[in-house]
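Visitor: Following this line is start.cif, made up of mmCIF, C-alpha atoms (C1' of nucleotides):
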data_data
loop_
_atom_site.label_atom_id
_atom_site.label_comp_id
_atom_site.auth_asym_id
_atom_site.auth_seq_id
_atom_site.Cartn_x
_atom_site.Cartn_y
_atom_site.Cartn_z
CA MET A 1 -20.24 279.61 41.59
CA PRO A 2 -23.71 279.20 40.11
CA ARG A 3 -26.62 277.11 41.13
CA THR A 4 -26.79 273.69 39.45
CA LEU A 5 -29.48 272.69 36.97
CA GLU A 6 -32.35 271.15 38.90
CA PHE A 7 -33.95 269.15 36.12
CA ASN A 8 -32.55 266.41 33.90
CA TYR A 9 -31.75 268.29 30.71
CA ALA A 10 -31.23 265.22 28.55
CA LYS A 11 -34.51 263.69 29.66
CA ALA A 12 -36.38 266.97 29.16
CA LEU A 13 -34.93 267.38 25.67
CA GLU A 14 -35.96 263.86 24.78
CA GLN A 15 -39.53 264.59 25.85
CA ALA A 16 -39.53 267.87 23.97
CA THR A 17 -38.30 266.09 20.86
CA ARG A 18 -41.07 263.55 21.11
CA LEU A 19 -43.71 266.27 21.42
CA PHE A 20 -42.37 268.26 18.46
CA TRP A 21 -42.20 265.01 16.55
CA LYS A 22 -45.82 264.26 17.34
CA LEU A 23 -47.38 267.70 16.89
CA GLY A 24 -45.04 269.40 14.45
CA TYR A 25 -43.27 272.72 14.68
CA ALA A 26 -46.24 275.00 14.24
CA GLY A 27 -48.56 272.68 16.15
CA THR A 28 -46.54 272.65 19.34
CA SER A 29 -47.14 275.50 21.75
CA LEU A 30 -45.20 276.52 24.79
CA ARG A 31 -47.46 275.37 27.60
CA PRO A 32 -47.84 271.72 26.52
CA LEU A 33 -44.13 271.65 25.73
CA LEU A 34 -43.27 272.77 29.25
CA LYS A 35 -45.62 270.19 30.68
CA ALA A 36 -44.01 267.43 28.63
CA MET A 37 -40.56 268.56 29.70
CA GLY A 38 -41.66 268.84 33.30
CA ILE A 39 -40.26 272.34 33.80
CA GLY A 40 -41.50 275.93 34.08
CA GLU A 41 -41.07 279.04 31.97
CA GLY A 42 -38.12 280.16 34.01
CA SER A 43 -36.07 277.06 33.43
CA PHE A 44 -37.05 276.91 29.80
CA TYR A 45 -36.00 280.41 28.81
CA ASN A 46 -32.94 280.19 31.00
CA LYS A 47 -31.64 277.20 29.16
CA LEU A 48 -33.22 277.29 25.71
CA LYS A 49 -33.76 280.99 24.97
CA SER A 50 -36.73 280.55 22.60
CA MET A 51 -39.04 278.09 20.90
CA ASP A 52 -37.02 278.20 17.70
CA ALA A 53 -33.80 277.46 19.53
CA ALA A 54 -35.52 274.63 21.38
CA TYR A 55 -36.70 273.12 18.12
CA LEU A 56 -33.19 273.32 16.73
CA GLU A 57 -31.83 271.52 19.78
CA CYS A 58 -34.47 268.85 19.31
CA LEU A 59 -33.49 268.40 15.67
CA LYS A 60 -29.89 267.94 16.73
CA HIS A 61 -30.92 265.46 19.39
CA TYR A 62 -33.02 263.57 16.86
CA ASN A 63 -30.13 263.41 14.42
CA ALA A 64 -27.77 262.22 17.11
CA THR A 65 -30.07 259.32 17.95
CA VAL A 66 -32.47 258.22 15.21
CA GLY A 67 -30.50 259.82 12.37
CA GLN A 68 -27.32 258.20 13.54
CA ARG A 69 -28.87 254.76 13.16
CA ARG A 70 -29.59 255.52 9.53
CA GLY A 71 -26.08 256.68 8.93
CA LYS A 72 -24.83 253.49 10.50
CA ALA A 73 -27.06 251.39 8.27
CA LEU A 74 -25.64 253.17 5.24
CA PHE A 75 -22.01 252.89 6.29
CA SER A 76 -21.65 249.58 8.06
CA ALA A 77 -22.84 247.64 5.02
CA PRO A 78 -20.14 245.94 2.97
CA THR A 79 -20.89 248.00 -0.14
CA GLY A 80 -22.57 251.31 -0.89
CA GLN A 81 -25.25 249.50 -2.81
CA ALA A 82 -25.99 247.28 0.20
CA GLY A 83 -25.82 250.37 2.39
CA VAL A 84 -28.59 252.09 0.44
CA ARG A 85 -30.79 249.01 0.75
CA ALA A 86 -30.00 248.83 4.47
CA LEU A 87 -30.97 252.48 4.79
CA PHE A 88 -34.36 251.80 3.26
CA LYS A 89 -34.80 248.82 5.58
CA GLU A 90 -34.04 251.07 8.52
CA ILE A 91 -36.60 253.59 7.30
CA LEU A 92 -39.22 250.88 6.99
CA ASN A 93 -38.40 249.78 10.53
CA CYS A 94 -39.10 253.32 11.68
CA LEU A 95 -42.41 253.28 9.85
CA ASP A 96 -43.27 250.04 11.60
CA ASN A 97 -42.31 251.26 15.04
CA PRO A 98 -45.57 251.65 16.97
CA HIS A 99 -43.88 253.65 19.75
CA ALA A 100 -42.74 256.48 17.50
CA PRO A 101 -44.62 259.76 18.11
CA SER A 102 -45.22 260.09 14.37
CA LYS A 103 -44.63 258.10 11.24
CA VAL A 104 -42.75 260.90 9.54
CA CYS A 105 -39.09 261.44 10.28
CA LEU A 106 -38.73 264.63 12.30
CA MET A 107 -36.19 265.91 9.79
CA ALA A 108 -38.44 265.23 6.82
CA ALA A 109 -41.36 266.78 8.68
CA SER A 110 -39.29 269.93 8.98
CA VAL A 111 -39.11 270.38 5.22
CA THR A 112 -41.95 272.87 5.31
CA GLY A 113 -42.37 276.50 4.48
CA GLU A 114 -42.97 277.40 8.11
CA VAL A 115 -39.86 275.71 9.45
CA LEU A 116 -37.63 276.69 6.53
CA ALA A 117 -38.67 280.30 7.04
CA GLU A 118 -36.40 280.40 10.10
CA PRO A 119 -32.91 280.91 8.68
CA ARG A 120 -31.09 278.96 11.39
CA LEU A 121 -33.41 276.01 11.10
CA LYS A 122 -33.16 276.05 7.32
CA LYS A 123 -29.38 276.17 7.46
CA PHE A 124 -29.21 273.16 9.73
CA ILE A 125 -31.67 271.10 7.69
CA VAL A 126 -30.00 271.89 4.37
CA GLN A 127 -26.64 271.07 5.92
CA GLU A 128 -27.74 267.71 7.26
CA ILE A 129 -29.42 266.66 4.05
CA SER A 130 -26.43 267.56 1.91
CA LYS A 131 -24.15 265.80 4.39
CA MET A 132 -26.16 262.60 4.01
CA SER A 133 -26.32 263.12 0.27
CA GLU A 134 -22.58 263.59 -0.20
CA ALA A 135 -21.78 260.62 1.98
CA MET A 136 -24.03 258.43 -0.14
CA ILE A 137 -22.47 259.69 -3.35
CA ALA A 138 -19.00 258.96 -2.00
CA ARG A 139 -19.91 255.39 -1.08
CA LEU A 140 -21.45 254.67 -4.45
CA LYS A 141 -18.50 256.15 -6.29
CA ALA A 142 -16.26 253.88 -4.25
CA ASP A 143 -18.38 250.94 -5.37
CA GLN A 144 -18.00 252.11 -8.91
CA GLN A 145 -14.22 252.36 -8.69
CA ALA A 146 -14.17 248.87 -7.23
CA GLY A 147 -15.97 247.71 -10.33
CA LEU A 148 -19.19 246.89 -8.47
CA LEU A 149 -21.13 249.44 -10.49
CA PRO A 150 -20.90 250.13 -14.21
CA PRO A 151 -18.68 253.01 -15.40
CA ASP A 152 -21.66 254.96 -16.72
CA PHE A 153 -23.40 254.93 -13.33
CA ASP A 154 -24.00 258.56 -12.34
CA ALA A 155 -24.02 258.72 -8.53
CA ALA A 156 -24.39 262.51 -8.48
CA THR A 157 -27.70 262.20 -10.31
CA VAL A 158 -28.97 259.01 -8.72
CA VAL A 159 -28.47 260.05 -5.09
CA PRO A 160 -30.71 263.15 -5.26
CA ILE A 161 -33.35 260.92 -6.81
CA ILE A 162 -33.08 258.58 -3.84
CA ILE A 163 -33.25 261.45 -1.35
CA THR A 164 -36.29 262.82 -3.16
CA TYR A 165 -37.96 259.43 -3.09
CA ILE A 166 -37.31 259.05 0.63
CA GLN A 167 -38.87 262.44 1.28
CA GLY A 168 -41.92 261.27 -0.62
CA GLN A 169 -42.05 258.00 1.31
CA TRP A 170 -42.40 259.73 4.66
CA ARG A 171 -45.33 261.71 3.33
CA MET A 172 -47.05 258.83 1.60
CA ALA A 173 -46.82 256.80 4.79
CA LEU A 174 -49.09 259.38 6.40
CA ILE A 175 -51.78 258.50 3.91
CA SER A 176 -51.48 254.75 3.92
CA TYR A 177 -48.71 252.39 4.86
CA ASN A 178 -48.21 248.73 4.09
CA ARG A 179 -44.77 247.28 4.61
CA ALA A 180 -44.95 244.65 1.89
CA GLN A 181 -46.05 247.19 -0.70
CA PHE A 182 -43.39 249.68 0.34
CA GLU A 183 -40.73 246.98 0.18
CA LYS A 184 -41.74 245.97 -3.30
CA GLN A 185 -41.81 249.57 -4.48
CA VAL A 186 -38.39 250.25 -3.00
CA ASP A 187 -37.01 247.19 -4.73
CA VAL A 188 -38.41 248.15 -8.12
CA PHE A 189 -37.25 251.73 -7.58
CA LEU A 190 -33.67 250.81 -6.68
CA THR A 191 -33.40 248.12 -9.30
CA GLY A 192 -34.51 250.62 -11.90
CA LEU A 193 -31.72 252.94 -10.81
CA GLY A 194 -29.22 250.13 -11.22
CA LEU A 195 -28.79 249.42 -7.51
CA MET B 1 -86.74 285.98 -0.88
CA PRO B 2 -83.36 286.42 0.73
CA ARG B 3 -80.76 289.08 0.48
CA THR B 4 -78.15 288.58 -2.26
CA LEU B 5 -74.47 287.96 -1.63
CA GLU B 6 -72.69 291.27 -1.61
CA PHE B 7 -69.12 290.13 -2.29
CA ASN B 8 -67.65 288.20 -5.21
CA TYR B 9 -67.46 284.68 -3.84
CA ALA B 10 -65.23 283.27 -6.58
CA LYS B 11 -62.77 286.11 -6.23
CA ALA B 12 -62.69 285.82 -2.44
CA LEU B 13 -62.13 282.07 -2.63
CA GLU B 14 -59.27 282.59 -5.04
CA GLN B 15 -57.62 285.02 -2.64
CA ALA B 16 -58.18 282.66 0.29
CA THR B 17 -56.62 279.83 -1.68
CA ARG B 18 -53.57 281.91 -2.43
CA LEU B 19 -53.12 282.82 1.22
CA PHE B 20 -53.48 279.22 2.42
CA TRP B 21 -51.09 278.21 -0.32
CA LYS B 22 -48.57 280.77 0.86
CA LEU B 23 -48.84 280.36 4.63
CA GLY B 24 -50.05 276.80 5.03
CA TYR B 25 -53.02 275.41 6.90
CA ALA B 26 -51.73 275.93 10.44
CA GLY B 27 -49.98 279.17 9.56
CA THR B 28 -53.05 280.94 8.28
CA SER B 29 -55.21 282.66 10.88
CA LEU B 30 -58.66 284.09 10.54
CA ARG B 31 -57.98 287.83 10.56
CA PRO B 32 -55.43 287.89 7.71
CA LEU B 33 -57.60 285.47 5.79
CA LEU B 34 -60.59 287.80 6.08
CA LYS B 35 -58.45 290.72 4.99
CA ALA B 36 -57.22 288.81 1.93
CA MET B 37 -60.77 287.86 1.04
CA GLY B 38 -61.98 291.39 1.62
CA ILE B 39 -64.89 290.39 3.84
CA GLY B 40 -65.84 290.42 7.52
CA GLU B 41 -66.52 287.69 10.08
CA GLY B 42 -70.24 287.81 9.42
CA SER B 43 -69.96 287.06 5.72
CA PHE B 44 -67.27 284.46 6.30
CA TYR B 45 -69.15 282.33 8.79
CA ASN B 46 -72.38 282.80 6.95
CA LYS B 47 -70.93 281.30 3.77
CA LEU B 48 -68.05 279.09 4.91
CA LYS B 49 -69.02 277.88 8.41
CA SER B 50 -65.46 277.35 9.69
CA MET B 51 -61.76 277.56 8.89
CA ASP B 52 -61.59 273.83 8.17
CA ALA B 53 -64.50 274.05 5.76
CA ALA B 54 -62.90 277.07 4.10
CA TYR B 55 -59.66 275.17 3.64
CA LEU B 56 -61.53 272.29 2.07
CA GLU B 57 -63.23 274.67 -0.35
CA CYS B 58 -59.85 276.10 -1.24
CA LEU B 59 -58.47 272.62 -1.89
CA LYS B 60 -61.38 271.95 -4.21
CA HIS B 61 -60.84 275.27 -5.96
CA TYR B 62 -57.14 274.49 -6.34
CA ASN B 63 -57.89 271.09 -7.81
CA ALA B 64 -60.39 272.55 -10.21
CA THR B 65 -57.82 274.98 -11.55
CA VAL B 66 -54.17 274.01 -11.07
CA GLY B 67 -54.87 270.31 -10.55
CA GLN B 68 -56.97 270.17 -13.64
CA ARG B 69 -54.05 271.34 -15.78
CA ARG B 70 -52.01 268.40 -14.53
CA GLY B 71 -54.77 265.98 -15.31
CA LYS B 72 -54.98 267.44 -18.78
CA ALA B 73 -51.24 267.02 -19.28
CA LEU B 74 -51.55 263.38 -18.30
CA PHE B 75 -54.55 262.63 -20.48
CA SER B 76 -54.15 264.71 -23.60
CA ALA B 77 -50.83 263.08 -24.46
CA PRO B 78 -50.91 260.43 -27.18
CA THR B 79 -49.75 257.65 -24.83
CA GLY B 80 -49.70 257.08 -21.07
CA GLN B 81 -45.95 257.11 -21.13
CA ALA B 82 -45.91 260.51 -22.83
CA GLY B 83 -48.63 261.62 -20.41
CA VAL B 84 -46.46 260.88 -17.41
CA ARG B 85 -43.60 262.85 -18.90
CA ALA B 86 -45.98 265.70 -19.72
CA LEU B 87 -47.19 265.63 -16.12
CA PHE B 88 -43.65 266.07 -14.84
CA LYS B 89 -43.12 268.91 -17.30
CA GLU B 90 -46.25 270.58 -15.97
CA ILE B 91 -44.95 270.18 -12.41
CA LEU B 92 -41.65 271.76 -13.35
CA ASN B 93 -43.56 274.63 -14.94
CA CYS B 94 -45.31 275.16 -11.62
CA LEU B 95 -41.98 275.16 -9.83
CA ASP B 96 -40.75 277.78 -12.26
CA ASN B 97 -43.78 280.01 -11.92
CA PRO B 98 -42.63 283.10 -10.03
CA HIS B 99 -46.19 284.25 -9.37
CA ALA B 100 -47.20 281.16 -7.39
CA PRO B 101 -47.68 281.85 -3.66
CA SER B 102 -45.49 278.86 -2.84
CA LYS B 103 -43.36 276.34 -4.66
CA VAL B 104 -45.15 273.39 -3.12
CA CYS B 105 -48.41 272.17 -4.60
CA LEU B 106 -51.21 273.04 -2.19
CA MET B 107 -52.35 269.42 -2.24
CA ALA B 108 -48.88 268.07 -1.48
CA ALA B 109 -48.45 270.68 1.24
CA SER B 110 -51.58 269.28 2.83
CA VAL B 111 -50.00 265.88 3.35
CA THR B 112 -49.16 266.75 6.94
CA GLY B 113 -50.15 265.42 10.33
CA GLU B 114 -52.02 268.62 11.17
CA VAL B 115 -54.15 268.67 8.04
CA LEU B 116 -54.69 264.92 7.90
CA ALA B 117 -55.91 265.03 11.49
CA GLU B 118 -59.14 266.56 10.21
CA PRO B 119 -61.17 263.60 8.92
CA ARG B 120 -62.95 265.49 6.16
CA LEU B 121 -59.75 267.00 4.85
CA LYS B 122 -58.01 263.64 4.99
CA LYS B 123 -60.84 261.94 3.14
CA PHE B 124 -60.69 264.49 0.33
CA ILE B 125 -56.93 264.34 -0.02
CA VAL B 126 -56.79 260.55 -0.01
CA GLN B 127 -59.60 260.49 -2.53
CA GLU B 128 -57.92 262.88 -4.93
CA ILE B 129 -54.57 261.16 -4.76
CA SER B 130 -56.05 257.73 -5.39
CA LYS B 131 -58.13 259.17 -8.22
CA MET B 132 -54.99 260.47 -9.91
CA SER B 133 -53.19 257.24 -9.15
CA GLU B 134 -55.85 254.99 -10.63
CA ALA B 135 -56.15 257.12 -13.73
CA MET B 136 -52.41 256.85 -14.31
CA ILE B 137 -52.48 253.09 -13.82
CA ALA B 138 -55.30 252.79 -16.33
CA ARG B 139 -53.45 254.79 -18.97
CA LEU B 140 -50.25 252.78 -18.57
CA LYS B 141 -52.13 249.50 -18.70
CA ALA B 142 -53.71 250.69 -21.93
CA ASP B 143 -50.22 251.38 -23.28
CA GLN B 144 -49.24 247.90 -22.25
CA GLN B 145 -52.17 246.29 -24.01
CA ALA B 146 -51.31 248.26 -27.11
CA GLY B 147 -47.86 246.72 -26.97
CA LEU B 148 -46.13 249.99 -26.13
CA LEU B 149 -44.91 248.62 -22.81
CA PRO B 150 -43.48 245.16 -22.10
CA PRO B 151 -45.83 242.47 -20.71
CA ASP B 152 -43.95 242.33 -17.41
CA PHE B 153 -44.43 246.04 -16.77
CA ASP B 154 -46.22 246.36 -13.42
CA ALA B 155 -48.23 249.59 -13.52
CA ALA B 156 -49.78 248.97 -10.09
CA THR B 157 -46.33 249.05 -8.53
CA VAL B 158 -44.73 251.71 -10.72
CA VAL B 159 -47.45 254.33 -10.31
CA PRO B 160 -47.21 254.57 -6.50
CA ILE B 161 -43.47 254.97 -6.94
CA ILE B 162 -44.09 257.90 -9.27
CA ILE B 163 -46.59 259.47 -6.89
CA THR B 164 -44.14 259.06 -4.04
CA TYR B 165 -41.38 260.64 -6.07
CA ILE B 166 -43.57 263.60 -6.95
CA GLN B 167 -44.39 264.15 -3.30
CA GLY B 168 -40.67 264.20 -2.61
CA GLN B 169 -40.04 266.63 -5.45
CA TRP B 170 -42.32 269.30 -4.01
CA ARG B 171 -40.48 269.10 -0.72
CA MET B 172 -37.01 269.05 -2.20
CA ALA B 173 -37.84 272.12 -4.27
CA LEU B 174 -38.26 274.02 -0.99
CA ILE B 175 -34.63 273.33 -0.20
CA SER B 176 -33.09 274.01 -3.57
CA TYR B 177 -34.46 274.03 -7.06
CA ASN B 178 -32.72 273.96 -10.39
CA ARG B 179 -34.75 273.10 -13.43
CA ALA B 180 -32.00 271.43 -15.42
CA GLN B 181 -31.06 269.18 -12.52
CA PHE B 182 -34.65 268.27 -11.82
CA GLU B 183 -35.22 267.48 -15.50
CA LYS B 184 -32.24 265.21 -15.61
CA GLN B 185 -33.27 263.43 -12.44
CA VAL B 186 -36.80 262.94 -13.71
CA ASP B 187 -35.45 261.50 -16.92
CA VAL B 188 -33.16 259.04 -15.15
CA PHE B 189 -35.94 258.17 -12.74
CA LEU B 190 -38.54 257.46 -15.41
CA THR B 191 -36.13 255.68 -17.70
CA GLY B 192 -35.16 253.42 -14.80
CA LEU B 193 -38.81 252.54 -14.33
CA GLY B 194 -39.08 251.63 -17.99
CA LEU B 195 -40.97 254.74 -19.05
"C1'" DT C 1 -96.90 297.62 2.56
"C1'" DT C 2 -95.84 293.66 5.31
"C1'" DC C 3 -93.13 290.08 6.50
"C1'" DA C 4 -90.05 286.24 6.46
"C1'" DT C 5 -85.48 285.30 5.10
"C1'" DT C 6 -80.89 285.89 4.54
"C1'" DG C 7 -76.41 288.80 4.19
"C1'" DT C 8 -73.26 292.03 6.74
"C1'" DG C 9 -70.71 294.73 10.28
"C1'" DT C 10 -69.56 295.27 15.13
"C1'" DA C 11 -68.32 293.96 19.34
"C1'" DG C 12 -66.68 290.85 22.32
"C1'" DC C 13 -66.15 286.22 24.53
"C1'" DA C 14 -63.16 282.80 26.67
"C1'" DG C 15 -59.14 281.01 25.78
"C1'" DT C 16 -54.25 280.74 24.17
"C1'" DC C 17 -49.92 282.59 22.29
"C1'" DG C 18 -44.68 283.46 23.25
"C1'" DC C 19 -42.22 285.82 26.32
"C1'" DG C 20 -40.25 288.63 30.14
"C1'" DA C 21 -40.13 290.66 34.92
"C1'" DC C 22 -39.34 289.45 39.43
"C1'" DA C 23 -38.48 287.67 43.88
"C1'" DA C 24 -37.13 283.60 46.06
"C1'" DT C 25 -33.87 279.95 46.25
"C1'" DA C 26 -29.78 277.22 45.89
"C1'" DT C 27 -24.94 276.92 44.88
"C1'" DA C 28 -19.68 277.71 45.12
"C1'" DC C 29 -15.82 280.58 45.80
"C1'" DC C 30 -13.70 283.90 49.17
"C1'" DG D 1 -20.49 283.17 56.99
"C1'" DG D 2 -20.71 286.44 53.29
"C1'" DT D 3 -21.39 287.33 48.63
"C1'" DA D 4 -21.72 286.85 43.72
"C1'" DT D 5 -23.93 284.04 40.40
"C1'" DA D 6 -27.28 281.22 38.35
"C1'" DT D 7 -31.78 278.48 38.45
"C1'" DT D 8 -36.50 278.28 39.70
"C1'" DG D 9 -41.62 279.15 40.05
"C1'" DT D 10 -45.18 282.67 39.67
"C1'" DC D 11 -47.58 286.11 37.62
"C1'" DG D 12 -49.14 288.56 34.01
"C1'" DC D 13 -48.53 291.44 29.80
"C1'" DG D 14 -50.31 292.57 25.24
"C1'" DA D 15 -51.54 290.45 21.35
"C1'" DC D 16 -53.85 287.04 19.04
"C1'" DT D 17 -56.94 282.60 18.45
"C1'" DG D 18 -61.54 280.85 16.24
"C1'" DC D 19 -65.94 281.81 16.80
"C1'" DT D 20 -70.66 283.74 17.98
"C1'" DA D 21 -74.46 286.89 19.39
"C1'" DC D 22 -76.92 290.52 17.79
"C1'" DA D 23 -78.64 294.53 15.61
"C1'" DC D 24 -79.31 296.10 11.16
"C1'" DA D 25 -79.75 296.10 6.01
"C1'" DA D 26 -81.32 294.29 1.79
"C1'" DT D 27 -84.13 291.28 -0.72
"C1'" DG D 28 -88.37 289.14 -2.79
"C1'" DA D 29 -93.05 287.03 -2.05
"C1'" DA D 30 -97.66 287.87 -0.44
#
Could the structure of this file be written out as structure tokens, please?

Guide:
Amino acid sequence: MPRTLEFNYAKALEQATRLFWKLGYAGTSLRPLLKAMGIGEGSFYNKLKSMDAAYLECLKHYNATVGQRRGKALFSAPTGQAGVRALFKEILNCLDNPHAPSKVCLMAASVTGEVLAEPRLKKFIVQEISKMSEAMIARLKADQQAGLLPPDFDAATVVPIIITYIQGQWRMALISYNRAQFEKQVDVFLTGLGL
Amino acid sequence: MPRTLEFNYAKALEQATRLFWKLGYAGTSLRPLLKAMGIGEGSFYNKLKSMDAAYLECLKHYNATVGQRRGKALFSAPTGQAGVRALFKEILNCLDNPHAPSKVCLMAASVTGEVLAEPRLKKFIVQEISKMSEAMIARLKADQQAGLLPPDFDAATVVPIIITYIQGQWRMALISYNRAQFEKQVDVFLTGLGL
DNA sequence: TTCATTGTGTAGCAGTCGCGACAATATACC
DNA sequence: GGTATATTGTCGCGACTGCTACACAATGAA
């Protein structure tokens, strides 16, 4: 019965995601966003309701694409230990990608007072981080039960440390990034944790 | 020969710092800032020239007060190793302070695309971080020469890892903070690094 | 006192903000 | 074809952005 959507929603969302990724949540205003998406106010508010909602959709889109690759790196490795190292390799690949709108992961960039002030955004971000966290804990505990990690290895403590370190990495990369140095630091860091 | 400043500059700067700290660089607009400082446009632009310049002054003020306490924690300890642990304790104290405008360190909160886009702000931030970094390396190397740390201890690699972890800590605290957990994680983290 | 110098308040500029009203348009079922 | 429904572009609202021009007030030196 209704009229069909005139613009390519998937393509528009991808462009929106890239702009948010480049300029940040607070730094992105409506007009440039519309221009990047190639649509007008009418279409935007018809489909996306508000800026906040649009940002949330972009976060979901980001997680379904870039985030999914990280999950894959973590899970397709033979062991949890190898998975964690593969995850870091994937992160370094992102940092090396010259086509990315920003060095910082869009998710990590959202860990800010401004973004977290929106309850629905905060809920989603907290959810996604704890999802990743719990998955990592599960894999490492499996390693442990298989005898690949010592019995006194405390996955529930180590994983938050890793997540915290990753958060820091995204930020530090904004200041100065050198792959070789990062690789060495990651190795020393993980080795220290017994991984 | 000139007219004297009518308002208390130090007090106004303190208030400005607190507002920037609370709302962030991009989130703080001129009018509320003026209200917090208790002055008008005339006085503001006469003394501070621009918003960017004001933010820089606030960063300097923050470093001279809060930042200085962290430096003290690092340096007044008997050894570098103890200094690092004291630094983390100081950070946790900040996270526990209910009167702070925000959980995140103002400096760490400035490690953002938006802030770093301003060359003068970026220069200052990079400078301060590398100052802290080099000081920490020096202290740990002194420990090493005194035989308190093993000869293969690589301060130049370990210190950036610590800095990175601290950056991550400020962000993670925005999501959920529990002192006991953080303390345990810090302990495991530092112990893993040989500290 | 006179005068140069600087601080302060007011008013307003030109632009942008997110958002909604609205008419025109295109679709799909009857 | 008629009609209900949904998408689209345009226009503009009211509020806010950082910033500046300008008149005026206060100061201290001559």

Visitor: Mind listing as an NGL selection string all residues within 6 Å of (-73.2, 288.0, 7.4), counting only C-alpha atoms (C1' of nucleotides)?

Guide: (:B and (42-43 or 46)) or (:C and (7-8))

Visitor: Residues of chain B within 6 Å of chain A, counting only C-alpha atoms, what are they? List them as a short mmCIF file (atom, residue, chain, number, x, y, z; two decimals) with C-alpha atoms, keeping the file's coordinate frame.

Guide:
data_model
loop_
_atom_site.label_atom_id
_atom_site.label_comp_id
_atom_site.auth_asym_id
_atom_site.auth_seq_id
_atom_site.Cartn_x
_atom_site.Cartn_y
_atom_site.Cartn_z
CA THR B 164 -44.14 259.06 -4.04
CA TYR B 165 -41.38 260.64 -6.07
CA GLN B 167 -44.39 264.15 -3.30
CA GLY B 168 -40.67 264.20 -2.61
CA GLN B 169 -40.04 266.63 -5.45
CA GLY B 192 -35.16 253.42 -14.80
CA LEU B 193 -38.81 252.54 -14.33
#

Visitor: If you count only C-alpha atoms (C1' of nucleotides), which residues fall within 10 Å of stretch 64-69 of chain A, apart from same-chain ones fewer than 5 positions away, as a PyMOL selection string?

Guide: chain A and resi 58-59+74-75+87+90-91+94+105-107+128+132

Visitor: Please enclose the listed atoms of stretch 6-25 of chain C in an axis-aligned box, pad each side by 8 Å, and write out the centre and the three edge lengths in Å, rounded to one decimal, as lines of an AutoDock Vina configuration file.

Guide:
center_x = -57.4
center_y = 287.6
center_z = 25.2
size_x = 63.0
size_y = 31.3
size_z = 58.1

Visitor: May I have the residues of chain A within 12 Å of chain C, counting all atoms listed in the file, written as a ChimeraX atom specification?

Guide: /A:1-6,26-32,41-42,44-46,49-52

Visitor: Could you tell me how far atom CA of B:Asp187 sits from atom CA of B:Asn97, in Å to one decimal place?

Guide: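 Computing the Euclidean distance for atom CA of B:Asn97 and atom CA of B:Asp187 yields 20.9 Å.
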
Visitor: Return as JSON lines the residues of chain D lying at most 8 Å from chain A, together with the closest atom-to-atom pair for each and the distance in Å to one decimal, counting all atoms listed in the file, with rows in chain order and ascending residue number.

Guide:
{"residue": "D:DA4", "atom": "C1'", "partner": "A:Met1", "partner_atom": "CA", "distance": 7.7}
{"residue": "D:DT5", "atom": "C1'", "partner": "A:Pro2", "partner_atom": "CA", "distance": 4.9}
{"residue": "D:DA6", "atom": "C1'", "partner": "A:Pro2", "partner_atom": "CA", "distance": 4.5}
{"residue": "D:DT7", "atom": "C1'", "partner": "A:Arg3", "partner_atom": "CA", "distance": 6.0}
{"residue": "D:DT8", "atom": "C1'", "partner": "A:Gly42", "partner_atom": "CA", "distance": 6.2}
{"residue": "D:DG9", "atom": "C1'", "partner": "A:Gly40", "partner_atom": "CA", "distance": 6.8}

Visitor: Would you mind exporting C-alpha atoms (C1' of nucleotides) of the selected residues as a compact mmCIF listing (two decimals), in the frame of the given file?

Guide:
# COMPACT_ATOMS: atom_id res chain seq x y z
C1' DA D 4 -21.72 286.85 43.72
C1' DT D 5 -23.93 284.04 40.40
C1' DA D 6 -27.28 281.22 38.35
C1' DT D 7 -31.78 278.48 38.45
C1' DT D 8 -36.50 278.28 39.70
C1' DG D 9 -41.62 279.15 40.05

Visitor: Could you tell me how far atom CA of B:Trp21 lies from atom CA of B:Ala54, in Å and to one decimal?

Guide: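 Taking atom CA of B:Trp21 and atom CA of B:Ala54, their separation equals 12.7 Å.
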
Visitor: Report, in Å with one decimal, the straight-line distance from atom CA of A:Phe153 to atom CA of A:Arg85.

Guide: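 Calculated distance between atom CA of A:Phe153 and atom CA of A:Arg85 is 17.0 Å.
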
Visitor: Please return, as a PyMOL selection string, all polymer residues that have at least one atom within 9 Å of the point (-20.8, 254.2, -3.1); use only C-alpha atoms (C1' of nucleotides) and the file's own coordinate frame.

Guide: chain A and resi 79-81+83-84+135-145+149+155

Visitor: Compile the contact shell of A:Gln15 as an mmCIF file with C-alpha atoms, in the coordinates of the input: residues with an atom at most 9 Å away, counting all atoms listed in the file, same-chain residues fewer than 3 positions apart removed.

Guide:
data_model
loop_
_atom_site.group_PDB
_atom_site.id
_atom_site.type_symbol
_atom_site.label_atom_id
_atom_site.label_comp_id
_atom_site.auth_asym_id
_atom_site.auth_seq_id
_atom_site.Cartn_x
_atom_site.Cartn_y
_atom_site.Cartn_z
ATOM 1 C CA ALA A 10 -31.230 265.220 28.550
ATOM 2 C CA LYS A 11 -34.510 263.690 29.660
ATOM 3 C CA ALA A 12 -36.380 266.970 29.160
ATOM 4 C CA ARG A 18 -41.070 263.550 21.110
ATOM 5 C CA LEU A 19 -43.710 266.270 21.420
ATOM 6 C CA PHE A 20 -42.370 268.260 18.460
ATOM 7 C CA LEU A 33 -44.130 271.650 25.730
ATOM 8 C CA ALA A 36 -44.010 267.430 28.630
ATOM 9 C CA MET A 37 -40.560 268.560 29.700
ATOM 10 C CA GLY A 38 -41.660 268.840 33.300
#
